[in-house]
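What follows is a single structure, written as C-alpha cells, with notes after it.
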Amino acid sequence: MLLLLLLTVLSFDRVPLDQIPPERCNLIDVDGDGWLDLVTASQVFANRQGQGFARAAGADLSGCSFSVWGDFNNDGDLDALAITRQNPAEFAQAPRHHRVFLSRQWLESREFARPDPWNTLGVALSDLDRDGKLDVALGQAYVDESKGYEAQQMRVYAGRGDGQFSEKTQEWGFLTPGPAGAANGGRPLYGLSAADLDNDGFPELLGAAYGRQWNTLWKRTGQFYSECAAKYGLDGDSIRHGKYTEATREKFRQRNQPRPDELPFRSNGNTFCLAPADFDNDGDLDVFSADITHSWAGDSSDLSALLVNRMETFQEPFFERCLEVLASPDPDTGFQARPTRGLARDHRPQAATNWNQGDLQAHWADLDCDGRLDLIVCESDYPGNRLRVFLQKADHSFREAEKELGIDFNNCPGVAVGDVDRDGDPDLITLGTRTRWPEARPKPELVLWRNRSSNPSLHLRLVGDGKTANRDAIGARLYLETDQGTQMRELQGSYGHWGQQTQPGEAHFGLGAAIPKRIRVVWPNQAASQTLIENPPANGWLVIHQTDGETARMSRFEAGRFR
C-alpha cells in the first residue's frame with residue numbers, strides 16, 4: 001500500500017513570472033545549453049539552470065506574432081521561423097514578412113515575401129518528403145475576417161537545407177482553388193499539425209478549420225497529397241443539420257441580424273488544434289480536437305472530443321469520435337451530444353442556456369509519470385473558462401483534476417510544456433488574460449507550475465545524422481517496451497494553434513511501476529532505419545544518435561552530456 005501511495009503523488013508549486021511579459025510562449029532550448037528557455041511572442045528569456053529566467057541576448061523577436069523552432073540547416077543549432085501577422089492597413093503602411101533566424105542572424109527569404117498580408121495562425125514543421133531536411137506548412141485563416149467565408153491558400157514549402165525554402169503547394173497537390181464550401185475550397189485553418197496517422201513512415205497534415213467548416217487531412221501517395229478528412233472521420237462530427245433554436249433566432253433578431261439555418265459545410269467545429277498522440281498505447285496516433293463551442297450555436301456545432309484511431313480494425317486510419325448522442329438534450333448544455341471517456345465539461349458558473357467553451361490549445365503529457373498520457377486543455381476568452389487538466393485512468397478514460405492539483409487558473413489561452421528544472425517530469429507555464437472577462441484576474445500574468453511528481457521516468461534526446469534524417473529527428477517514432485506493455489511517442493515539430501511546440505528532439509516517458517526492457521527508435525528517413533537500446537535505466541536520461549547509438553546515459557540530468 002505504501003508503494004502504491006508513493007506512485008500516485010502529484011502536486012504543483014505555483015511560481016509567478018512577474019518579470020516576463022504575459023504572452024503565449026513555448027519552452028525551447030534556444031542557446032543549446034541543455035536547459036529549456038522561455039520564448040514569448042517577442043522575446044527570449046534564458047533558463048538559469050532551473051532557478052528562473054533572465055532576458056537573453058540574440059534573437060530579437062519584436063514585431064513578430066509568434067515563432068517556431070527547428071534545425072533548418074542541420075548544423076546542430078536551433079533556428080526560428082518568425083511569423084508576422086498584419087491586417088491590410090498595417091501591411092499597406094509598413095509591410096512585414098515571415099523571416100528565418102538562421103545561425104543566430106536574420107535571413108530574408110524570397111519565398112516568404114508577398115504582395116499581400118498572410119493571415120497565418122498555424123505552422124507545422126516536419127520532414128514531409130523524408131529527405132532529411134525540415135519542411136514547413138502554413139495554415140492560413142480568412143482573406144478578410146470581417147466579411148465572407150473565403151480563406152487564404154494553405155502554403156507548403158520544402159526545406160533546402162540552408163534556411164531557404166521552395167514552395168511546393170501546387171506541385172505536391174495542396175492547391176484549393178474552389179469557392180468557400182466546396183470540397184476543393186480553402187478552409188480558414190486556425191491550427192496545423194503533422195503526424196503519421198497510418199504508420200507508413202510519412203506524415204499527414206491535419207488542418208484545424210474555424211468557422212464551423214470541415215477540418216482537413218492531407219495524405220501522401222507517391223509525391224502527391226490528397227485531402228481525405230471525411231474518409232477518415234476527421235472532418236467533423238455526424239450532426240450536420242445546421243438548425244438554430246427559436247431562442248437563438250430571437251436573440252439575433254434583437255440585433256437586427258437574421259440567422260438562417262446553416263449549410264452542411266458550416267455545421268461543424270470552430271477547431272483551433274488537432275493534437276496527435278498515442279494516448280492508449282496501441283501503436284497508432286489518436287487525436288484530440290480542441291474547439292470553441294457556444295450554446296447558442298446548437299448541437300450541430302462540434303464539441304471538443306477525443307478521436308480514437310481504429311487502425312487495428314480497418315487497416316487504415318479511421319477516427320471514432322468519442323461522443324454519445326442523447327435521447328433528450330443534456331441538461332448541462334442543451335446539446336443532444338456529450339463527450340465520453342470522462343471529457344464532458346461542467347461549465348458552471350455559466351448557465352446551461354448561455355455558455356461558451358473556448359478551447360484554443362491542447363497538449364499531451366504524462367504529468368504524473370504513471371505511463372499514461374494526460375491531457376491539458378486551454379479554455380479562454382469567456383467568463384467561467386479556465387485551464388483544464390484531465391488525468392488518464394487505467395481504462396483509458398479521464399478524470400478532471402486541475403483543482404485537486406491546486407491549479408485554479410482562469411482564462412488561459414496558452415500553455416508551455418517542458419521540464420524547466422530538469423528533474424524528470426513536465427512542468428507548465430500558463431498565460432492568464434482578462435480578455436472578455438476582466439474579473440478573471442487583476443492583470444494578465446504568466447505562472448510557472450513546478451511539477452512534483454514522485455514517479456520515475458525516462459527522458460530521451462534523439463540526434464539525427466543531419467543527412468538522411470533531420471538533426472532533431474522530428475517525425476521519429478520511439479517505442480519503450482516494459483514489463484507492463486509498450487508506450488509510443490512520435491517526435492513533433494510545431495503543431496496546433498499559434499505555433500505551440502515542445503522542445504524538438506526530446507521525448508518523455510513516465511514509468512510508474514513499470515520496468516523498462518528495450519527502446520526501439522525508428523528514424524524519420526527514407527529507409528526507416530532503426531536503433532535498439534537494451535536494458536534502459538529504470539529512471540534517467542538517455543542520448544541516442546542515429547549513427548552512434550546510445551552516447552550518454554545518466555541517472556540525473558547533466559546539461560553538458562544531454563544537450
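If you're wondering about the labels, chains in the C-alpha cells are A, B, ... by order shown, residues count from 1 in each chain, ligands from 1 in order shown.
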
Margin query: Can you pull out the residues contacting stretch 325-331 of chain A? Cut-off 10 Å, using only C-alpha atoms, and skip same-chain residues under 5 positions away; I want them as a PyMOL selection string.
Written below: chain A and resi 238-239+299+336-339+352-353

Could you dump the residues just selected with N, CA and C atoms as a tab-separated table (two decimals), in the first residue's frame?
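Contents of result.tsv, freshly written:
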chain	number	residue	atom	x	y	z
A	238	SER	N	-20.99	13.92	-36.76
A	238	SER	CA	-22.04	13.50	-37.69
A	238	SER	C	-23.30	14.35	-37.60
A	239	ILE	N	-23.36	15.31	-36.69
A	239	ILE	CA	-24.55	16.15	-36.54
A	239	ILE	C	-24.38	17.37	-37.44
A	299	ASP	N	-26.45	22.07	-31.33
A	299	ASP	CA	-25.63	20.87	-31.24
A	299	ASP	C	-25.03	20.43	-32.56
A	336	GLN	N	-27.66	17.70	-27.73
A	336	GLN	CA	-28.03	16.28	-27.76
A	336	GLN	C	-26.82	15.39	-28.01
A	337	ALA	N	-25.65	15.92	-27.71
A	337	ALA	CA	-24.41	15.13	-27.76
A	337	ALA	C	-23.56	15.52	-26.56
A	338	ARG	N	-22.76	14.56	-26.09
A	338	ARG	CA	-21.92	14.81	-24.93
A	338	ARG	C	-20.63	14.01	-25.08
A	339	PRO	N	-19.47	14.62	-24.80
A	339	PRO	CA	-18.21	13.86	-24.87
A	339	PRO	C	-18.20	12.71	-23.87
A	352	ALA	N	-26.72	26.81	-18.21
A	352	ALA	CA	-26.87	25.79	-19.23
A	352	ALA	C	-27.44	26.35	-20.53
A	353	THR	N	-28.13	27.48	-20.44
A	353	THR	CA	-28.73	28.10	-21.63
A	353	THR	C	-27.84	29.17	-22.25

Could you please write out, as a compact mmCIF listing (two decimals) with all heavy atoms, in the first residue's frame, every residue of stretch 301-503 of chain A that DSSP assigns to helix (DSSP H, G or I)?
# COMPACT_ATOMS: atom_id res chain seq x y z
N MET A 311 -7.10 1.96 -36.43
CA MET A 311 -6.28 1.27 -37.44
C MET A 311 -6.37 -0.24 -37.30
O MET A 311 -6.38 -0.97 -38.30
CB MET A 311 -4.82 1.70 -37.28
CG MET A 311 -4.45 2.99 -37.98
SD MET A 311 -3.98 2.76 -39.70
CE MET A 311 -2.46 1.84 -39.53
N GLU A 312 -6.42 -0.74 -36.07
CA GLU A 312 -6.40 -2.18 -35.85
C GLU A 312 -7.65 -2.85 -36.42
O GLU A 312 -7.63 -4.04 -36.77
CB GLU A 312 -6.28 -2.50 -34.35
CG GLU A 312 -7.50 -2.18 -33.50
CD GLU A 312 -7.63 -0.73 -33.09
OE1 GLU A 312 -6.84 0.10 -33.59
OE2 GLU A 312 -8.51 -0.42 -32.27
N THR A 313 -8.74 -2.11 -36.55
CA THR A 313 -10.00 -2.65 -37.08
C THR A 313 -10.10 -2.50 -38.58
O THR A 313 -10.49 -3.44 -39.29
CB THR A 313 -11.20 -1.97 -36.40
OG1 THR A 313 -11.14 -2.19 -34.99
CG2 THR A 313 -12.51 -2.51 -36.95
N PHE A 314 -9.75 -1.33 -39.10
CA PHE A 314 -9.99 -1.01 -40.51
C PHE A 314 -8.75 -1.11 -41.38
O PHE A 314 -8.84 -0.93 -42.61
CB PHE A 314 -10.59 0.39 -40.63
CG PHE A 314 -11.92 0.55 -39.93
CD1 PHE A 314 -12.00 1.13 -38.68
CD2 PHE A 314 -13.08 0.08 -40.52
CE1 PHE A 314 -13.22 1.28 -38.02
CE2 PHE A 314 -14.30 0.21 -39.89
CZ PHE A 314 -14.38 0.80 -38.64
N PRO A 438 -12.75 40.63 -17.56
CA PRO A 438 -11.82 41.42 -16.74
C PRO A 438 -11.79 40.98 -15.28
O PRO A 438 -10.81 41.27 -14.58
CB PRO A 438 -12.34 42.85 -16.89
CG PRO A 438 -13.75 42.71 -17.36
CD PRO A 438 -13.79 41.46 -18.17
N GLU A 439 -12.82 40.29 -14.83
CA GLU A 439 -12.84 39.84 -13.44
C GLU A 439 -11.97 38.60 -13.22
O GLU A 439 -11.80 38.14 -12.08
CB GLU A 439 -14.28 39.52 -13.00
CG GLU A 439 -15.23 40.72 -12.99
CD GLU A 439 -15.77 41.04 -14.39
OE1 GLU A 439 -15.62 40.18 -15.29
OE2 GLU A 439 -16.32 42.14 -14.57
N ALA A 440 -11.41 38.04 -14.29
CA ALA A 440 -10.63 36.80 -14.16
C ALA A 440 -9.41 36.98 -13.28
O ALA A 440 -9.00 36.07 -12.56
CB ALA A 440 -10.21 36.29 -15.54
N HIS A 497 -2.54 25.50 -32.66
CA HIS A 497 -2.84 26.92 -32.80
C HIS A 497 -1.70 27.79 -32.31
O HIS A 497 -1.13 27.55 -31.24
CB HIS A 497 -4.11 27.23 -32.00
CG HIS A 497 -4.56 28.66 -32.08
ND1 HIS A 497 -4.84 29.28 -33.27
CD2 HIS A 497 -4.77 29.59 -31.11
CE1 HIS A 497 -5.22 30.53 -33.04
NE2 HIS A 497 -5.17 30.74 -31.74
N TRP A 498 -1.35 28.77 -33.11
CA TRP A 498 -0.40 29.81 -32.72
C TRP A 498 0.98 29.23 -32.42
O TRP A 498 1.69 29.65 -31.52
CB TRP A 498 -0.94 30.57 -31.51
CG TRP A 498 -0.49 32.00 -31.41
CD1 TRP A 498 0.48 32.50 -30.59
CD2 TRP A 498 -1.00 33.13 -32.13
NE1 TRP A 498 0.61 33.85 -30.75
CE2 TRP A 498 -0.29 34.27 -31.68
CE3 TRP A 498 -1.98 33.30 -33.10
CZ2 TRP A 498 -0.53 35.55 -32.18
CZ3 TRP A 498 -2.23 34.57 -33.60
CH2 TRP A 498 -1.51 35.68 -33.14
N GLY A 499 1.38 28.20 -33.19
CA GLY A 499 2.73 27.69 -33.11
C GLY A 499 3.10 27.03 -31.81
O GLY A 499 4.25 27.13 -31.36

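Here atom CA of A:Gln140 is placed at a distance of 16.9 Å from atom CA of A:Gln361.
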
Next item on the list: Enter the distance from atom CA of A:Gln357 to atom CA of A:Gly122, in Å, rounded to one decimal.
Entry: 20.5 Å

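The neighbours of A:Ser457 here are the residues that come within 9 Å of it, using only C-alpha atoms and leaving out any residue fewer than 5 positions away in the same chain; they are Cys369, Asp370, Gly371, Gly424, Asp425, His508, Phe509, Gly510, Leu511, Gly512, Ala538, Asn539, Gly540 and Trp541 of chain A.
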
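In terms of minimum interatomic distance to A:Asp144, A:Ala89 ranks closest within A:Val15, A:Cys322, A:Val415, A:Ala89, counting only C-alpha atoms.
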
Residues of stretch 317-388 of chain A in strand (DSSP E or B), written as a short mmCIF file (atom, residue, chain, number, x, y, z; two decimals) with C-alpha atoms, in the first residue's frame:
data_model
loop_
_atom_site.label_atom_id
_atom_site.label_comp_id
_atom_site.auth_asym_id
_atom_site.auth_seq_id
_atom_site.Cartn_x
_atom_site.Cartn_y
_atom_site.Cartn_z
CA PHE A 319 -11.27 8.11 -36.11
CA GLU A 320 -14.00 7.18 -33.66
CA ARG A 321 -15.24 10.46 -32.21
CA LEU A 323 -19.37 11.42 -28.31
CA GLU A 324 -22.65 9.93 -27.21
CA VAL A 325 -25.86 11.07 -28.88
CA ALA A 337 -24.41 15.13 -27.76
CA ARG A 338 -21.92 14.81 -24.93
CA PRO A 339 -18.21 13.86 -24.87
CA ALA A 351 -25.81 28.84 -17.26
CA ASN A 354 -25.86 30.55 -22.14
CA ASN A 356 -19.14 29.36 -24.08
CA GLN A 357 -16.33 26.80 -24.19
CA GLY A 358 -13.22 28.44 -25.66
CA ASP A 359 -10.69 25.65 -26.30
CA LEU A 360 -7.65 27.17 -28.04
CA GLN A 361 -4.79 24.76 -27.39
CA ALA A 362 -4.39 21.15 -26.27
CA HIS A 363 -1.27 19.31 -25.11
CA TRP A 364 -0.48 15.69 -24.25
CA ALA A 365 1.98 15.00 -21.42
CA ASP A 374 -2.67 13.13 -19.69
CA LEU A 375 -4.49 15.96 -21.47
CA ILE A 376 -4.08 19.69 -20.88
CA VAL A 377 -6.71 21.97 -22.47
CA CYS A 378 -6.61 25.78 -22.61
CA GLU A 379 -10.04 27.43 -22.30
CA ARG A 386 -10.15 28.04 -17.26
CA LEU A 387 -7.20 25.70 -17.70
CA ARG A 388 -8.37 22.08 -17.61
#

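Summary of the local environment: counting only C-alpha atoms, residues at most 9 Å from A:Arg104, other than itself and those fewer than 6 positions away along its chain, are Gly58, Ala59, Asp77, Leu78 and Asp79 of chain A.
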
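If only C-alpha atoms are the atoms counted, then among A:Gly496, A:Phe91, A:Lys168, A:Leu138 the closest residue to A:Pro115 is A:Phe91.
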
Next item on the list: Mind checking which residues fall within 9 Å of A:Arg561, counting only C-alpha atoms, ignoring those fewer than 6 positions away in the same chain, and posting them as a PyMOL selection string?
Entry: chain A and resi 34+543+551-554

Note to self: Calculated over only C-alpha atoms, which of the candidates A:Glu490, A:Asp129, A:Asp366, A:Asp423 has the smallest distance to A:Leu197?
What the structure shows: A:Glu490

Within 12 Å of stretch 465-481 of chain A, which residues of stretch 164-195 of chain A come that close, and what is the closest atom pair and distance in Å for each? Count only C-alpha atoms and give it as a Markdown table.
| residue | atom | partner | partner_atom | distance |
| --- | --- | --- | --- | --- |
| A:Ser193 | CA | A:Gly475 | CA | 11.6 |
| A:Ala194 | CA | A:Gly475 | CA | 8.5 |
| A:Ala195 | CA | A:Gly475 | CA | 7.4 |
